[in-house]
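Beneath this line is the structure, given in structure tokens, with notes to follow.
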Amino acid sequence: MAQLTRVSGSVGLITLQSPPVNALSAAVRQGIVDTVQRALSDPEVKSVVVCGQNGIFCGGADIKEFGTNMSGPPLVPLIHAIEVAHKPVVAAIEGIALGGGLELALGCHYRIAHSKAKLGLPEVTLGLLPAAGGSQRLPRLIGVPAALDLITTGRHITAAEALKLGVVDQVTAHSTVDVAVKFALSVAGKPLDGRRISSLPCPRPPNMDALFEGVMKKVRQSARGAIAPIACVQAIRAAATLPYDQGMERELELMASLFTSDQARALQYIFFAQRAVARWSMPSGARWDTSKPRPVHKAAVIGLGTMGRGIAVALAQTGLSVVAVETQEKQLMAAKQEMSGMLERGAKRRGVAPAFDKIRYSPDIKAVADVDLVIEAVFEDMALKEKVFQQLSALCKPGTLLCTNTSGLDVDHLASQTRSPELVVGMHFFAPAHVMKLLEVVYGSKSSPQALATAMQLGKKMGKVSVAVGNCRGFVGNRMLKPYSEQAFFLLEEGATPELVDGALEDFGFPMGLFRMSDLSGLDVGWRVRKVDGLGKSSGASGQQARIRQGRRYSPLGDVLCEQGRFGQKTGRGWYQYDKPGGRVGRPDPWLHSFLEEYRAQHGLVARRIDHQEVLERCLYTLINEGFRILEDGIAAGPEEIDIIYVFGYGWPRHRGGPMFYASMVGLEKVLARLEFYQEAHPDVPYLQPCNLLKRLVASGSPPVHKWREVVKKLHSQL
Ligand SMILES: CC/C=C\CC(=O)SCCNC(=O)CCNC(=O)[C@H](O)C(C)(C)COP(=O)(O)OP(=O)(O)OC[C@H]1O[C@@H](n2cnc3c(N)ncnc32)[C@H](O)[C@@H]1OP(=O)(O)O
């Protein structure tokens, strides 16, 4: 839908009308075709302005139409018709001009943007490229290097940057439409030749071959197997080397290979999943749209270790007043110094003043008396957390929300330490907390909908992707990590090396394999947890018996390394060796290889050849199987919650859509069959036992992933 009105006598004003973001649906495209035709054939209209309803220019192609039988007029000829028009067409950009929206504006002869507008070609983030001429027009307009940056990253730029780059001709802080109409009046009847971007030559950068070679290398490295960024570079190269028409043919050809790809489906699934998880619900039926959050103006953070520092900085950067409590004087001083640096660097990046005055430091927990919300971030030790919650319950004003930043401890137990368990939720941040996007918000059995709504809203304000999940050991993310890492240890016992396992996972698209990651975060962290669980002590015994704990197969490999002081990067030795303690570059360690051989000999294990496929199947399918158990247990409301947690918090490659989406792409029958196969080979590993929900889905014909939420809901309503 688009509307044509005549304003200021001779300006045809075309308004895109399709809330919420004026996406270019079939109806909108048809509307544009019709209104442009009418405006151009109306002798009273001397120039045209294109704008969007409700202060939003256009959010691009309608992503919901992808994967359907797309009808309606295509974008390329529509934009071409605007560009070849004999009357000047001005784009009045308010709010956003993204993807096809910006491509539409690039077909116009002039672009005027509001100072608060954001522009970009984010198609790459959806597994696509700007194939409505964007990959051919943008480099002609702003040069190849700048176009490469914008198109391969998909980043949104401000109006000021757009002006500097030459994407827009003018920026205004006033009514963009008024300014555009005035401008349109002033250019009516003027020649348009130099204004048609497709007819401009693409500026050829010096050392063009070297430039593209360098960019391609960089993009391949950072893409981790994603195909769209590479296609974007190829399309821009076509713009730089071919005439416009041939460049457009290349753009179309490249888009055709992306459009129906699994990666595009995965990335578009993640786009909608991210929005779906904001519409949370609780098993009680309470929902995001019926639960009112409490206002939070002042918050406290208890414990200024690594996590507490990041959380306090993130809160202050959101504009909240923060009381940062650390009872150990030395730690408090160190925290203050580091947090000032973090605030300063953050402010510099965002071009604002550092929020130093938002944080009040205190060595006394009594300072929490008047805050609206507390986030406890002390050491991951239940006895210590219990004590803190008892104190908070006594000290805080009535109604204060008490949150625990735990990575897996029992939220219900902590709630039971307080007078108001309904006001207790978990807020599981990821390190570094002021940078990482994910926040698991954990509701306990007594948490009130209002408490959950408040934590979810705060997470959103902090710029986090917040996912509501139920309470269980490890919540969603860490619970699924357990079978995954267990399999990796077993693979070492059976003949693999850390570099083989990591290589398979990194080729799959993880930024770091499990062992490299474990060296980075410290082997002692998991060791401590295993010891608390009554595991984690190597018995010194040999044979199979030494590898059975609590009635199931157990690998003491990680414990033995810790007993030798190999804690990873911090000690310069772990699963890899480093130049020095604190070194970052891990190299394969011959010592570790001999150690593995001795270990196998000691335990009567015979090494066999393990390939990448086995690593992926065993590590990823057990993780997915646990994901199904989590759905079965009602800890996550749908596969989208799990997938968003894994993509935003655990380095799961986004172009593979998260573990549950990946399972649907592999095929549930295959996942089930391989789990059954491995379970037969390793009957002492309970995690390999396929879960009932997976079996049930396969038995019901493996419905597509977007139907699983309903299946799970039905399952729970039957219980
Ligand atoms: C030949 C191919 C040509 C062109 C290819 C393209 O144009 S691909 C599309 C390129 N555009 C984008 O990638 C923009 C995607 N949208 C966004 O980044 C954000 O939604 C946006 C526009 C910045 C707004 O963000 P905000 O936080 O304000 O709102 P939210 O994200 O919750 O979105 C509100 C609802 O709008 C839906 N939506 C947004 N963009 C699109 C779109 N392009 N197509 C369809 N629907 C879109 C979004 O899903 C939300 O819906 P809801 O039902 O409320 O969850």
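Please note that chains go A, B, ... in the order of the structure tokens, that every chain numbers its residues from 1, and that ligands are numbered from 1 in the order shown.
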
* To do: Step by step, measure atom-to-atom distances between ligand 1 and each residue using only C-alpha atoms and all ligand atoms, keep those at most 7 Å, then write them as a ChimeraX atom specification.
  => /A:20-21,23,59-64,75,96,98-101,121-123,126,130-132,272,275-276

* For Asp579 in chain A, please output as a PyMOL selection string all residues within 12 Å (counting only C-alpha atoms; exclusion window: fewer than 4 positions along the same chain). => chain A and resi 568-574+583-589

For the selection just defined, write its residues with N, CA, C and O atoms to a file, as a CSV table (one decimal), in the first residue's frame.
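Output file out.csv is given in full below:
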chain,number,residue,atom,x,y,z
A,568,GLY,N,45.1,-24.1,32.0
A,568,GLY,CA,44.8,-23.4,30.7
A,568,GLY,C,45.7,-22.2,30.5
A,568,GLY,O,46.8,-22.2,31.0
A,569,GLN,N,45.2,-21.2,29.8
A,569,GLN,CA,46.0,-20.0,29.4
A,569,GLN,C,46.7,-19.4,30.7
A,569,GLN,O,47.8,-19.0,30.6
A,570,LYS,N,46.0,-19.3,31.8
A,570,LYS,CA,46.5,-18.6,32.9
A,570,LYS,C,47.8,-19.2,33.5
A,570,LYS,O,48.6,-18.6,34.1
A,571,THR,N,47.9,-20.6,33.3
A,571,THR,CA,49.1,-21.2,33.8
A,571,THR,C,50.1,-21.5,32.6
A,571,THR,O,51.2,-22.1,32.8
A,572,GLY,N,49.7,-21.2,31.4
A,572,GLY,CA,50.6,-21.4,30.2
A,572,GLY,C,50.5,-22.8,29.7
A,572,GLY,O,51.1,-23.2,28.7
A,573,ARG,N,49.7,-23.7,30.4
A,573,ARG,CA,49.5,-25.1,30.0
A,573,ARG,C,48.1,-25.5,30.3
A,573,ARG,O,47.6,-25.2,31.3
A,574,GLY,N,47.5,-26.2,29.4
A,574,GLY,CA,46.2,-26.8,29.6
A,574,GLY,C,46.0,-27.9,28.6
A,574,GLY,O,46.8,-28.9,28.6
A,583,GLY,N,49.5,-16.4,28.1
A,583,GLY,CA,49.6,-16.4,26.6
A,583,GLY,C,48.3,-16.7,26.0
A,583,GLY,O,47.5,-17.4,26.5
A,584,ARG,N,48.1,-16.2,24.8
A,584,ARG,CA,46.8,-16.4,24.1
A,584,ARG,C,46.9,-17.4,23.0
A,584,ARG,O,45.8,-17.9,22.6
A,585,VAL,N,48.0,-17.7,22.4
A,585,VAL,CA,48.1,-18.5,21.2
A,585,VAL,C,48.5,-20.0,21.7
A,585,VAL,O,49.6,-20.2,22.1
A,586,GLY,N,47.5,-20.9,21.5
A,586,GLY,CA,47.7,-22.2,22.0
A,586,GLY,C,48.3,-23.1,20.8
A,586,GLY,O,47.9,-23.0,19.7
A,587,ARG,N,49.3,-23.9,21.2
A,587,ARG,CA,49.9,-24.8,20.2
A,587,ARG,C,49.7,-26.2,20.7
A,587,ARG,O,49.7,-26.5,21.9
A,588,PRO,N,49.6,-27.2,19.7
A,588,PRO,CA,49.5,-28.6,20.1
A,588,PRO,C,50.7,-28.9,21.1
A,588,PRO,O,51.8,-28.4,20.8
A,589,ASP,N,50.4,-29.7,22.1
A,589,ASP,CA,51.4,-30.0,23.1
A,589,ASP,C,51.8,-31.5,23.0
A,589,ASP,O,51.1,-32.3,23.4

* Pick from A:Pro88, A:Gly513, A:Gly67, A:Pro206, whichever lies nearest to Arg111 in chain A using only C-alpha atoms ->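 Answer, going by the shortest atom-to-atom distance: A:Pro88.
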
* Please, which residues of range 150-234 of chain A, numbered as in this document, come out helix (DSSP H, G or I) from DSSP, as a ChimeraX atom specification? -> /A:150-153,159-165,176-187,193-195,197-199,208-223,228-234

Could the residues of range 360-440 of chain A that have an atom at most 9 Å from range 332-336 of chain A be listed as CSV, each with its closest atom pair and the distance in Å to one decimal, counting only C-alpha atoms and ordered by chain and ascending residue number?
residue,atom,partner,partner_atom,distance
A:Tyr361,CA,A:Lys336,CA,7.5
A:Ser362,CA,A:Leu332,CA,8.0
A:Pro363,CA,A:Leu332,CA,7.2

Strand (DSSP E or B) per DSSP on the backbone: members of range 138-364 of chain A, as a JSON list (two decimals) with C-alpha atoms, in the first residue's frame:
[["chain", "number", "residue", "atom", "x", "y", "z"],
["A", 157, "ILE", "CA", 24.86, 3.79, 10.02],
["A", 158, "THR", "CA", 23.68, 7.11, 11.38],
["A", 170, "GLN", "CA", 21.30, 16.34, 3.07],
["A", 171, "VAL", "CA", 20.48, 15.78, 6.75],
["A", 172, "THR", "CA", 17.85, 17.74, 8.62],
["A", 281, "SER", "CA", 5.28, -17.01, 28.84],
["A", 287, "ARG", "CA", 2.68, -13.72, 29.61],
["A", 298, "LYS", "CA", 18.21, 2.40, 41.19],
["A", 299, "ALA", "CA", 19.99, -0.95, 41.25],
["A", 300, "ALA", "CA", 22.71, -2.57, 43.33],
["A", 301, "VAL", "CA", 25.34, -5.10, 42.37],
["A", 302, "ILE", "CA", 26.81, -7.26, 45.13],
["A", 321, "SER", "CA", 21.91, 4.74, 39.39],
["A", 322, "VAL", "CA", 24.03, 1.89, 40.64],
["A", 323, "VAL", "CA", 25.28, 0.99, 44.09],
["A", 324, "ALA", "CA", 28.31, -1.26, 43.64],
["A", 325, "VAL", "CA", 29.04, -3.24, 46.80],
["A", 359, "ILE", "CA", 27.99, 4.44, 40.24],
["A", 360, "ARG", "CA", 28.40, 4.76, 43.99],
["A", 361, "TYR", "CA", 30.91, 2.33, 45.44],
["A", 362, "SER", "CA", 30.41, 0.91, 48.91]]

* Please, what distance in Å, to one decimal, runs between CA of Tyr443 in chain A and CA of Ala468 in chain A? -> 7.2 Å

* To do: Rank A:Gly9, A:Gly310, A:Gly582, A:Gly189 by their smallest atom-to-atom distance to Leu343 in chain A, using only C-alpha atoms, and report the top residue only.
  => A:Gly310
